[in-house]
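So this one's target_35.cif, mmCIF, C-alpha atoms (C1' of nucleotides) and all ligand atoms:
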data_input
loop_
_atom_site.label_atom_id
_atom_site.label_comp_id
_atom_site.auth_asym_id
_atom_site.auth_seq_id
_atom_site.Cartn_x
_atom_site.Cartn_y
_atom_site.Cartn_z
CA MET A 217 10.68 -96.65 1.37
CA LYS A 218 11.73 -97.59 -2.08
CA LEU A 219 15.11 -98.70 -3.25
CA ILE A 220 14.96 -97.10 -6.66
CA THR A 221 13.10 -94.00 -7.81
CA ARG A 222 11.28 -93.33 -11.04
CA ASN A 223 14.04 -91.52 -12.82
CA THR A 224 16.45 -94.34 -12.08
CA ASP A 225 13.87 -96.86 -13.21
CA TYR A 226 13.12 -94.99 -16.44
CA ALA A 227 16.81 -94.49 -17.08
CA LEU A 228 17.49 -98.20 -16.70
CA ARG A 229 14.65 -99.10 -19.04
CA ALA A 230 15.79 -96.57 -21.60
CA LEU A 231 19.32 -97.93 -21.43
CA CYS A 232 18.02 -101.47 -21.78
CA TYR A 233 16.04 -100.49 -24.85
CA MET A 234 18.97 -98.68 -26.37
CA SER A 235 21.30 -101.57 -25.79
CA LYS A 236 18.99 -103.71 -27.91
CA HIS A 237 18.87 -101.18 -30.75
CA GLN A 238 22.38 -99.88 -31.10
CA ASP A 239 21.58 -97.06 -33.53
CA ILE A 240 20.52 -93.53 -32.69
CA ILE A 241 17.23 -93.43 -30.85
CA SER A 242 15.03 -90.35 -30.54
CA VAL A 243 13.21 -89.32 -27.41
CA ASP A 244 9.98 -89.87 -29.31
CA GLU A 245 10.75 -93.51 -29.88
CA LEU A 246 11.58 -94.10 -26.23
CA VAL A 247 8.49 -92.26 -25.11
CA ASN A 248 6.34 -94.40 -27.34
CA LYS A 249 7.95 -97.63 -26.25
CA LEU A 250 8.10 -96.90 -22.53
CA GLY A 251 5.12 -94.60 -21.98
CA VAL A 252 7.15 -92.14 -19.94
CA PRO A 253 6.20 -88.43 -20.02
CA ARG A 254 8.18 -86.83 -22.80
CA PRO A 255 9.78 -83.85 -21.01
CA PHE A 256 10.75 -86.08 -18.10
CA MET A 257 12.32 -88.61 -20.42
CA ARG A 258 14.24 -85.82 -22.13
CA LYS A 259 15.58 -84.58 -18.83
CA ILE A 260 16.74 -88.04 -17.91
CA LEU A 261 18.45 -88.62 -21.25
CA GLN A 262 20.12 -85.22 -21.16
CA ARG A 263 21.50 -86.09 -17.76
CA LEU A 264 22.82 -89.42 -19.00
CA ASN A 265 24.46 -87.50 -21.83
CA GLN A 266 26.11 -85.10 -19.38
CA GLU A 267 27.34 -88.10 -17.42
CA ARG A 268 28.86 -89.47 -20.61
CA ILE A 269 26.83 -92.63 -20.60
CA LEU A 270 25.01 -91.57 -23.72
CA ALA A 271 26.13 -89.62 -26.74
CA SER A 272 23.66 -87.13 -28.15
CA TYR A 273 23.08 -86.04 -31.75
CA LYS A 274 21.30 -82.79 -32.43
CA GLY A 275 19.34 -81.79 -35.47
CA GLN A 276 17.02 -83.72 -37.68
CA GLY A 277 17.40 -87.45 -37.32
CA GLY A 278 19.20 -86.86 -34.06
CA GLY A 279 18.74 -88.57 -30.76
CA PHE A 280 20.79 -90.56 -28.31
CA LYS A 281 23.07 -93.54 -28.51
CA LEU A 282 24.91 -95.60 -25.95
CA LYS A 283 28.43 -94.30 -25.47
CA LEU A 284 29.50 -97.23 -23.31
CA LYS A 285 29.00 -100.90 -23.89
CA PRO A 286 26.02 -102.28 -21.98
CA ASP A 287 28.26 -104.48 -19.87
CA ARG A 288 30.12 -101.38 -18.74
CA ILE A 289 27.05 -99.57 -17.43
CA TYR A 290 26.22 -100.51 -13.88
CA MET A 291 23.00 -100.09 -12.00
CA ILE A 292 24.75 -98.49 -9.03
CA GLN A 293 26.14 -95.84 -11.33
CA ILE A 294 22.67 -94.88 -12.56
CA MET A 295 21.35 -94.86 -9.00
CA ARG A 296 24.15 -92.56 -7.93
CA ILE A 297 23.35 -90.17 -10.75
CA PHE A 298 19.65 -89.90 -9.99
CA GLN A 299 19.47 -90.64 -6.31
CA GLY A 300 22.66 -89.07 -5.10
CA ASN A 301 25.67 -90.73 -3.65
CA VAL A 302 24.03 -93.60 -1.85
CA GLY A 303 25.86 -93.40 1.41
CA LEU A 304 25.69 -93.81 5.14
CA ASN A 305 23.51 -91.16 6.70
CA GLY A 306 25.59 -89.00 8.96
CA CYS A 307 25.25 -89.18 12.67
CA PHE A 308 22.26 -87.03 13.55
CA LEU A 309 23.24 -86.51 17.16
CA LYS A 310 24.43 -83.13 18.33
CA LYS A 311 28.06 -82.49 19.01
CA GLY A 312 29.10 -83.54 22.46
CA ILE A 313 26.49 -86.26 22.51
CA CYS A 314 27.74 -88.50 19.76
CA PRO A 315 30.52 -90.07 21.77
CA ASP A 316 32.93 -91.50 19.28
CA LYS A 317 32.05 -91.65 15.64
CA VAL A 318 34.87 -93.95 14.78
CA ARG A 319 33.81 -96.68 17.15
CA CYS A 320 30.03 -96.22 17.00
CA VAL A 321 28.59 -99.71 16.57
CA LEU A 322 25.36 -98.50 15.01
CA ARG A 323 27.31 -96.61 12.43
CA LYS A 324 29.51 -99.58 11.68
CA LYS A 325 26.55 -101.91 11.29
CA ILE A 326 24.71 -99.65 8.91
CA HIS A 327 27.89 -99.14 6.98
CA ALA A 328 28.35 -102.87 6.64
CA ILE A 329 24.82 -103.29 5.34
CA GLU A 330 25.25 -100.53 2.84
CA ASP A 331 28.54 -101.98 1.68
CA SER A 332 26.85 -105.23 0.95
CA VAL A 333 24.07 -103.51 -0.95
CA PHE A 334 26.58 -101.64 -3.07
CA ARG A 335 28.57 -104.75 -3.79
CA GLN A 336 25.45 -106.40 -5.11
CA LEU A 337 24.33 -103.40 -7.10
CA GLY A 338 27.85 -103.11 -8.42
CA LYS A 339 27.52 -106.51 -10.04
CA ILE A 340 24.42 -105.65 -12.04
CA ASN A 341 24.93 -104.08 -15.42
CA ILE A 342 22.59 -103.38 -18.28
CA VAL A 343 23.37 -106.69 -19.92
CA SER A 344 22.16 -108.54 -16.87
CA LEU A 345 18.90 -106.63 -17.02
CA ILE A 346 17.88 -107.56 -20.56
CA MET B 267 19.65 -91.54 -0.85
CA LYS B 268 19.84 -92.68 2.69
CA LEU B 269 19.12 -96.10 4.02
CA ILE B 270 17.71 -94.99 7.34
CA THR B 271 15.90 -91.78 8.25
CA ARG B 272 16.14 -89.66 11.38
CA ASN B 273 13.18 -91.08 13.20
CA THR B 274 14.47 -94.60 12.70
CA ASP B 275 17.91 -93.48 13.81
CA TYR B 276 16.61 -91.74 16.93
CA ALA B 277 14.35 -94.67 17.73
CA LEU B 278 17.27 -97.08 17.53
CA ARG B 279 19.40 -94.89 19.76
CA ALA B 280 16.60 -94.50 22.29
CA LEU B 281 16.07 -98.25 22.32
CA CYS B 282 19.79 -98.83 22.78
CA TYR B 283 19.85 -96.43 25.70
CA MET B 284 16.81 -98.01 27.27
CA SER B 285 18.21 -101.48 26.95
CA LYS B 286 21.17 -100.38 29.04
CA HIS B 287 18.97 -98.86 31.75
CA GLN B 288 16.13 -101.25 32.21
CA ASP B 289 14.02 -99.05 34.48
CA ILE B 290 11.45 -96.46 33.45
CA ILE B 291 12.98 -93.63 31.44
CA SER B 292 11.38 -90.26 30.88
CA VAL B 293 11.43 -88.35 27.62
CA ASP B 294 13.45 -85.68 29.38
CA GLU B 295 16.24 -88.09 30.15
CA LEU B 296 16.42 -89.36 26.59
CA VAL B 297 16.31 -85.83 25.22
CA ASN B 298 19.21 -84.86 27.44
CA LYS B 299 21.24 -87.91 26.58
CA LEU B 300 20.59 -87.93 22.84
CA GLY B 301 20.04 -84.25 22.05
CA VAL B 302 16.96 -84.95 20.00
CA PRO B 303 14.20 -82.30 19.87
CA ARG B 304 11.78 -83.05 22.68
CA PRO B 305 8.44 -83.11 20.82
CA PHE B 306 9.96 -85.23 18.09
CA MET B 307 11.36 -87.68 20.58
CA ARG B 308 7.96 -87.89 22.25
CA LYS B 309 6.26 -88.66 18.98
CA ILE B 310 8.74 -91.42 18.27
CA LEU B 311 8.37 -92.99 21.68
CA GLN B 312 4.60 -92.79 21.53
CA ARG B 313 4.73 -94.63 18.25
CA LEU B 314 6.96 -97.32 19.70
CA ASN B 315 4.47 -97.64 22.50
CA GLN B 316 1.60 -98.07 20.04
CA GLU B 317 3.64 -100.71 18.28
CA ARG B 318 4.04 -102.51 21.60
CA ILE B 319 7.78 -102.28 21.62
CA LEU B 320 7.70 -99.97 24.61
CA ALA B 321 5.39 -99.81 27.59
CA SER B 322 4.39 -96.35 28.79
CA TYR B 323 3.67 -95.09 32.28
CA LYS B 324 1.71 -91.91 32.71
CA GLY B 325 1.74 -89.48 35.59
CA GLN B 326 4.50 -88.30 37.81
CA GLY B 327 7.57 -90.45 37.63
CA GLY B 328 6.24 -91.95 34.42
CA GLY B 329 8.02 -92.60 31.18
CA PHE B 330 8.82 -95.52 28.93
CA LYS B 331 10.29 -98.94 29.38
CA LEU B 332 11.23 -101.70 27.00
CA LYS B 333 8.40 -104.15 26.62
CA LEU B 334 10.45 -106.65 24.66
CA LYS B 335 13.88 -107.98 25.38
CA PRO B 336 16.59 -106.18 23.38
CA ASP B 337 17.43 -109.34 21.48
CA ARG B 338 13.84 -109.52 20.30
CA ILE B 339 13.78 -106.05 18.77
CA TYR B 340 15.07 -106.02 15.22
CA MET B 341 16.29 -103.12 13.18
CA ILE B 342 14.10 -104.04 10.23
CA GLN B 343 11.06 -103.82 12.49
CA ILE B 344 11.91 -100.25 13.49
CA MET B 345 12.59 -99.31 9.88
CA ARG B 346 9.22 -100.71 8.84
CA ILE B 347 7.49 -98.67 11.52
CA PHE B 348 9.09 -95.37 10.57
CA GLN B 349 9.88 -95.80 6.91
CA GLY B 350 6.95 -97.87 5.79
CA ASN B 351 6.98 -101.38 4.48
CA VAL B 352 10.33 -101.43 2.77
CA GLY B 353 9.36 -103.11 -0.45
CA LEU B 354 9.88 -103.37 -4.15
CA ASN B 355 8.71 -100.30 -6.00
CA GLY B 356 6.00 -101.22 -8.43
CA CYS B 357 6.52 -101.15 -12.15
CA PHE B 358 6.07 -97.56 -13.24
CA LEU B 359 5.32 -98.33 -16.86
CA LYS B 360 1.85 -97.78 -18.22
CA LYS B 361 -0.43 -100.69 -18.89
CA GLY B 362 0.11 -102.19 -22.28
CA ILE B 363 3.76 -101.26 -22.17
CA CYS B 364 5.00 -103.29 -19.25
CA PRO B 365 5.13 -106.58 -21.12
CA ASP B 366 5.07 -109.27 -18.48
CA LYS B 367 5.50 -108.39 -14.85
CA VAL B 368 6.08 -111.95 -13.77
CA ARG B 369 9.08 -112.47 -16.01
CA CYS B 370 10.53 -108.93 -15.95
CA VAL B 371 14.25 -109.35 -15.33
CA LEU B 372 14.70 -105.85 -13.91
CA ARG B 373 11.97 -106.51 -11.40
CA LYS B 374 13.47 -109.83 -10.40
CA LYS B 375 16.92 -108.38 -9.95
CA ILE B 376 15.76 -105.55 -7.76
CA HIS B 377 13.67 -107.94 -5.77
CA ALA B 378 16.69 -110.15 -5.17
CA ILE B 379 18.75 -107.22 -3.94
CA GLU B 380 16.04 -106.10 -1.61
CA ASP B 381 15.61 -109.60 -0.25
CA SER B 382 19.25 -109.71 0.61
CA VAL B 383 19.10 -106.32 2.32
CA PHE B 384 16.15 -107.45 4.41
CA ARG B 385 17.81 -110.68 5.38
CA GLN B 386 20.75 -108.73 6.70
CA LEU B 387 18.63 -106.16 8.49
CA GLY B 388 16.59 -109.00 9.92
CA LYS B 389 19.68 -110.29 11.68
CA ILE B 390 20.44 -107.08 13.52
CA ASN B 391 18.77 -106.54 16.86
CA ILE B 392 19.26 -103.95 19.57
CA VAL B 393 21.74 -106.15 21.39
CA SER B 394 23.99 -106.19 18.38
CA LEU B 395 23.92 -102.41 18.29
CA ILE B 396 25.17 -101.75 21.82
"C1'" DA C 229 -5.63 -80.03 44.49
"C1'" DC C 230 -1.46 -79.94 42.05
"C1'" DA C 231 2.28 -81.12 39.33
"C1'" DA C 232 4.56 -84.14 36.29
"C1'" DA C 233 4.34 -87.20 33.17
"C1'" DT C 234 2.23 -89.40 28.59
"C1'" DG C 235 -1.92 -89.67 24.74
"C1'" DA C 236 -3.86 -87.88 20.86
"C1'" DT C 237 -4.03 -85.00 17.16
"C1'" DA C 238 -3.50 -81.22 14.22
"C1'" DC C 239 -0.54 -78.16 12.24
"C1'" DT C 240 3.84 -76.25 9.92
"C1'" DA C 241 8.43 -76.14 7.60
"C1'" DA C 242 11.90 -78.04 4.82
"C1'" DT C 243 13.44 -81.20 1.44
"C1'" DA C 244 13.06 -84.57 -2.23
"C1'" DT C 245 10.59 -86.31 -6.02
"C1'" DG C 246 8.22 -86.06 -10.23
"C1'" DG C 247 7.25 -83.58 -13.38
"C1'" DT C 248 6.28 -78.94 -17.16
"C1'" DA C 249 7.41 -75.16 -19.97
"C1'" DT C 250 10.28 -72.28 -22.66
"C1'" DC C 251 13.69 -70.67 -25.42
"C1'" DA C 252 18.27 -71.43 -27.49
"C1'" DT C 253 21.16 -74.28 -30.44
"C1'" DT C 254 22.33 -77.55 -33.90
"C1'" DA C 255 22.11 -80.00 -38.23
"C1'" DA C 256 19.68 -82.54 -42.00
"C1'" DT C 257 16.38 -81.61 -45.64
"C1'" DT C 258 14.38 -78.75 -49.01
"C1'" DA D 135 19.12 -69.85 -47.27
"C1'" DA D 136 14.89 -71.25 -45.00
"C1'" DT D 137 12.61 -74.75 -42.73
"C1'" DT D 138 12.14 -78.20 -39.60
"C1'" DA D 139 13.21 -81.77 -36.48
"C1'" DA D 140 15.85 -82.85 -33.20
"C1'" DT D 141 18.61 -81.89 -28.45
"C1'" DG D 142 20.75 -78.23 -24.66
"C1'" DA D 143 19.97 -75.49 -20.87
"C1'" DT D 144 17.34 -73.72 -17.41
"C1'" DA D 145 13.69 -72.20 -14.71
"C1'" DC D 146 9.55 -73.29 -12.89
"C1'" DC D 147 5.62 -75.94 -10.63
"C1'" DA D 148 3.12 -79.82 -8.02
"C1'" DT D 149 3.12 -83.45 -4.93
"C1'" DA D 150 4.90 -86.46 -1.37
"C1'" DT D 151 7.84 -87.35 2.30
"C1'" DT D 152 10.44 -86.07 6.15
"C1'" DA D 153 11.19 -83.52 10.17
"C1'" DG D 154 9.48 -81.11 13.53
"C1'" DT D 155 6.00 -78.00 16.56
"C1'" DA D 156 2.03 -76.93 19.28
"C1'" DT D 157 -1.87 -77.80 22.03
"C1'" DC D 158 -4.99 -79.80 24.89
"C1'" DA D 159 -6.67 -83.99 27.17
"C1'" DT D 160 -5.69 -87.74 30.37
"C1'" DT D 161 -3.48 -90.17 33.93
"C1'" DT D 162 -1.09 -90.72 38.32
"C1'" DG D 163 2.10 -89.87 42.26
"C1'" DT D 164 2.59 -86.49 45.96
S1 LIG E 1 26.46 -91.70 17.85
FE1 LIG E 1 27.48 -90.47 16.35
S2 LIG E 1 28.18 -91.92 14.90
FE2 LIG E 1 27.15 -93.14 16.36
S1 LIG E 2 8.36 -103.67 -17.16
FE1 LIG E 2 6.72 -103.87 -15.72
S2 LIG E 2 7.59 -105.12 -14.16
FE2 LIG E 2 9.24 -104.89 -15.56
#
So that I can check it, write out the structure of this file as C-alpha cells.
Amino acid sequence: MKLITRNTDYALRALCYMSKHQDIISVDELVNKLGVPRPFMRKILQRLNQERILASYKGQGGGFKLKLKPDRIYMIQIMRIFQGNVGLNGCFLKKGICPDKVRCVLRKKIHAIEDSVFRQLGKINIVSLI
Amino acid sequence: MKLITRNTDYALRALCYMSKHQDIISVDELVNKLGVPRPFMRKILQRLNQERILASYKGQGGGFKLKLKPDRIYMIQIMRIFQGNVGLNGCFLKKGICPDKVRCVLRKKIHAIEDSVFRQLGKINIVSLI
DNA sequence: ACAAATGATACTAATATGGTATCATTAATT
DNA sequence: AATTAATGATACCATATTAGTATCATTTGT
C-alpha cells in the first residue's frame, strides 16, 4: 500500500520545478530534468491545466506555467486529482447486515484517521516541498 | 483512493464479532452474520490463522477462535497483513536525476505524514472498534 | 464409515495504475 | 502562406492489485 502514486509524485515534482522557474516550461524540459516518460508527463500536465493549476501555451515556444502561486497549491489537491477523492471506503456489508451506519464505531474510527491525514496533507503546499 | 481494502475490512469485522463470542466460530456463522462471500471469508480467516491471530479447529464442530486478546490485536497489524507493509513509496525518479535521497524534502514530508498515520492506526485495537 | 469442518493452492474476473500512440489544433518563425 | 514546434483530446494497451471462485486434501467428531 502506498500513500501516493506515480502520477501524483510526478505532478508534485513538476510543480516544484515550475515554481522555481516561473517562466513557461516545455514538456521537453521537464522530461529532461525529471526523467519521466514524455507522453505520461504530457498527460499529467494536461490534466493540471484542465484543473486550472497550470496555464498552457500552444505553438512554438509554448509550454506550461503555474497559474496559482506555489503557496496556494496543496498536496491534497494534487492527490485528489490523480488518486480520486480520498475518502472513507463505504461499508462493504450487505444491506440488512450493516446495522446502523451512523453509529458504526469502525466507520467512525476510520473516518477520524482519515480526517487527520487530510488535515496534515492540507497543510503541505508546493512551497513547503522545495 | 481508499485507506482500507475489503479484506482488511472483513477481517476487522470478523475479529470484532469473534471478540464478542469467545467460543469457536465457524465460517458459516460469520458468513451469515456479515454477508461476506463464503470462499473469500475462508481465505481471510485462514490467513489470520497463519498469522497466529486466530486458532483453527478442523473437523466437525470446528472453526476459528481468537488466539490473542482483543486488546492485543491492532488495526495496523491487520492492514499490514492484507495490504502489505504500508510504507513510503520509493523515489520514482531515474538514477542521476534524483539528487539526494537523504535530504529530499518531498520524501521527508511524505514520510512524516505516514508516520503520523501509523501512530494513529497503532493505537486502535479490536476493543476500541466494538 | 461418514459428514462437517478447515488447509492448501490454483485459477479467474474486475478494477486501478502506468503508460503509448495518434491525430487535431494552435501559434511563432520563416 | 508554409513550416514547425508546441499542446489538446482521445483512444488504446500493459501490468499490478484487488476481489473472489473452485477444487481437492486433511482432520476430527459422531
Ligand atoms: S457495518 Fe456498515 S458502516 Fe459499519
Ligand atoms: S527526488 Fe529522489 S527521493 Fe526525492
Could you pull out every residue with an atom within 10 Å of (2.5, -86.7, 45.6), file coordinates, counting all atoms listed in the file, and send them as a list in words?
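Residues satisfying the cut-off, written out: Gln326 of chain B; DC230, DA231 and DA232 of chain C; DT162, DG163 and DT164 of chain D.
As for atom C1' of DT137 of chain D and atom CA of Asp244 of chain A, they are spaced 20.4 Å apart.
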Any chance you could tabulate, as CSV, the residues of chain A at most 6 Å from chain B with each one's nearest atom pair and distance in Å to one decimal, using all atoms listed in the file, in chain and rising number order?
residue,atom,partner,partner_atom,distance
A:Met217,CA,B:Val352,CA,5.0
A:Lys218,CA,B:Asn355,CA,5.6
A:Gly251,CA,B:Lys360,CA,5.9
A:Gln299,CA,B:Met267,CA,5.5
A:Gly300,CA,B:Met267,CA,5.8
A:Val302,CA,B:Met267,CA,4.9
A:Asn305,CA,B:Lys268,CA,5.6
A:Lys310,CA,B:Gly301,CA,5.9
A:Val321,CA,B:Leu395,CA,5.7
A:Leu322,CA,B:Leu395,CA,5.3
A:Leu345,CA,B:Leu372,CA,5.3
Hey, which bits of chain D sit within 7 Å of chain A, and for each residue what's the closest pair of atoms and how far apart in Å (one decimal), counting only C-alpha atoms (C1' of nucleotides), rows by chain and increasing number, as a Markdown table?
| residue | atom | partner | partner_atom | distance |
| --- | --- | --- | --- | --- |
| D:DA139 | C1' | A:Gln276 | CA | 4.4 |
| D:DA140 | C1' | A:Gly275 | CA | 4.3 |
| D:DT141 | C1' | A:Lys274 | CA | 4.9 |
Name the residues, using the chain letters and numbers of the file, that sit within 7 Å of (-1.9, -87.0, 26.8) when counting all atoms listed in the file, and give them as a list in words.
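Result, sorted by chain then residue number: DT234, DG235 and DA236 of chain C; DA159 and DT160 of chain D.
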Pairwise distance for atom FE1 of ligand LIG 1 (chain E) and atom CA of Glu317 of chain B, rounded to one decimal in Å:
26.0 Å
Distance query DT237 of chain C at most 12 Å, all atoms listed in the file, self and fewer than 4 positions along chain excluded, as a VMD selection string
(chain B and resid 309) or (chain D and resid 156 to 159)
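Distance check against chain C using all atoms listed in the file: of A:Tyr290, A:Gln266, A:Leu284, A:Arg254, the minimum falls on A:Arg254.
In this structure, atom CA of Ala280 of chain B sits 26.7 Å away from atom C1' of DA244 of chain C.
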Residue list for chain C near chain A as an MDAnalysis selection string, 6 Å, all atoms listed in the file
chainID C and resid 254:256
Check the smallest atom-to-atom distance from each of B:Val368, B:Leu320, B:Glu295, B:Lys286 to ligand LIG 2 (chain E) using only C-alpha atoms and all ligand atoms, then report the winner.
B:Val368
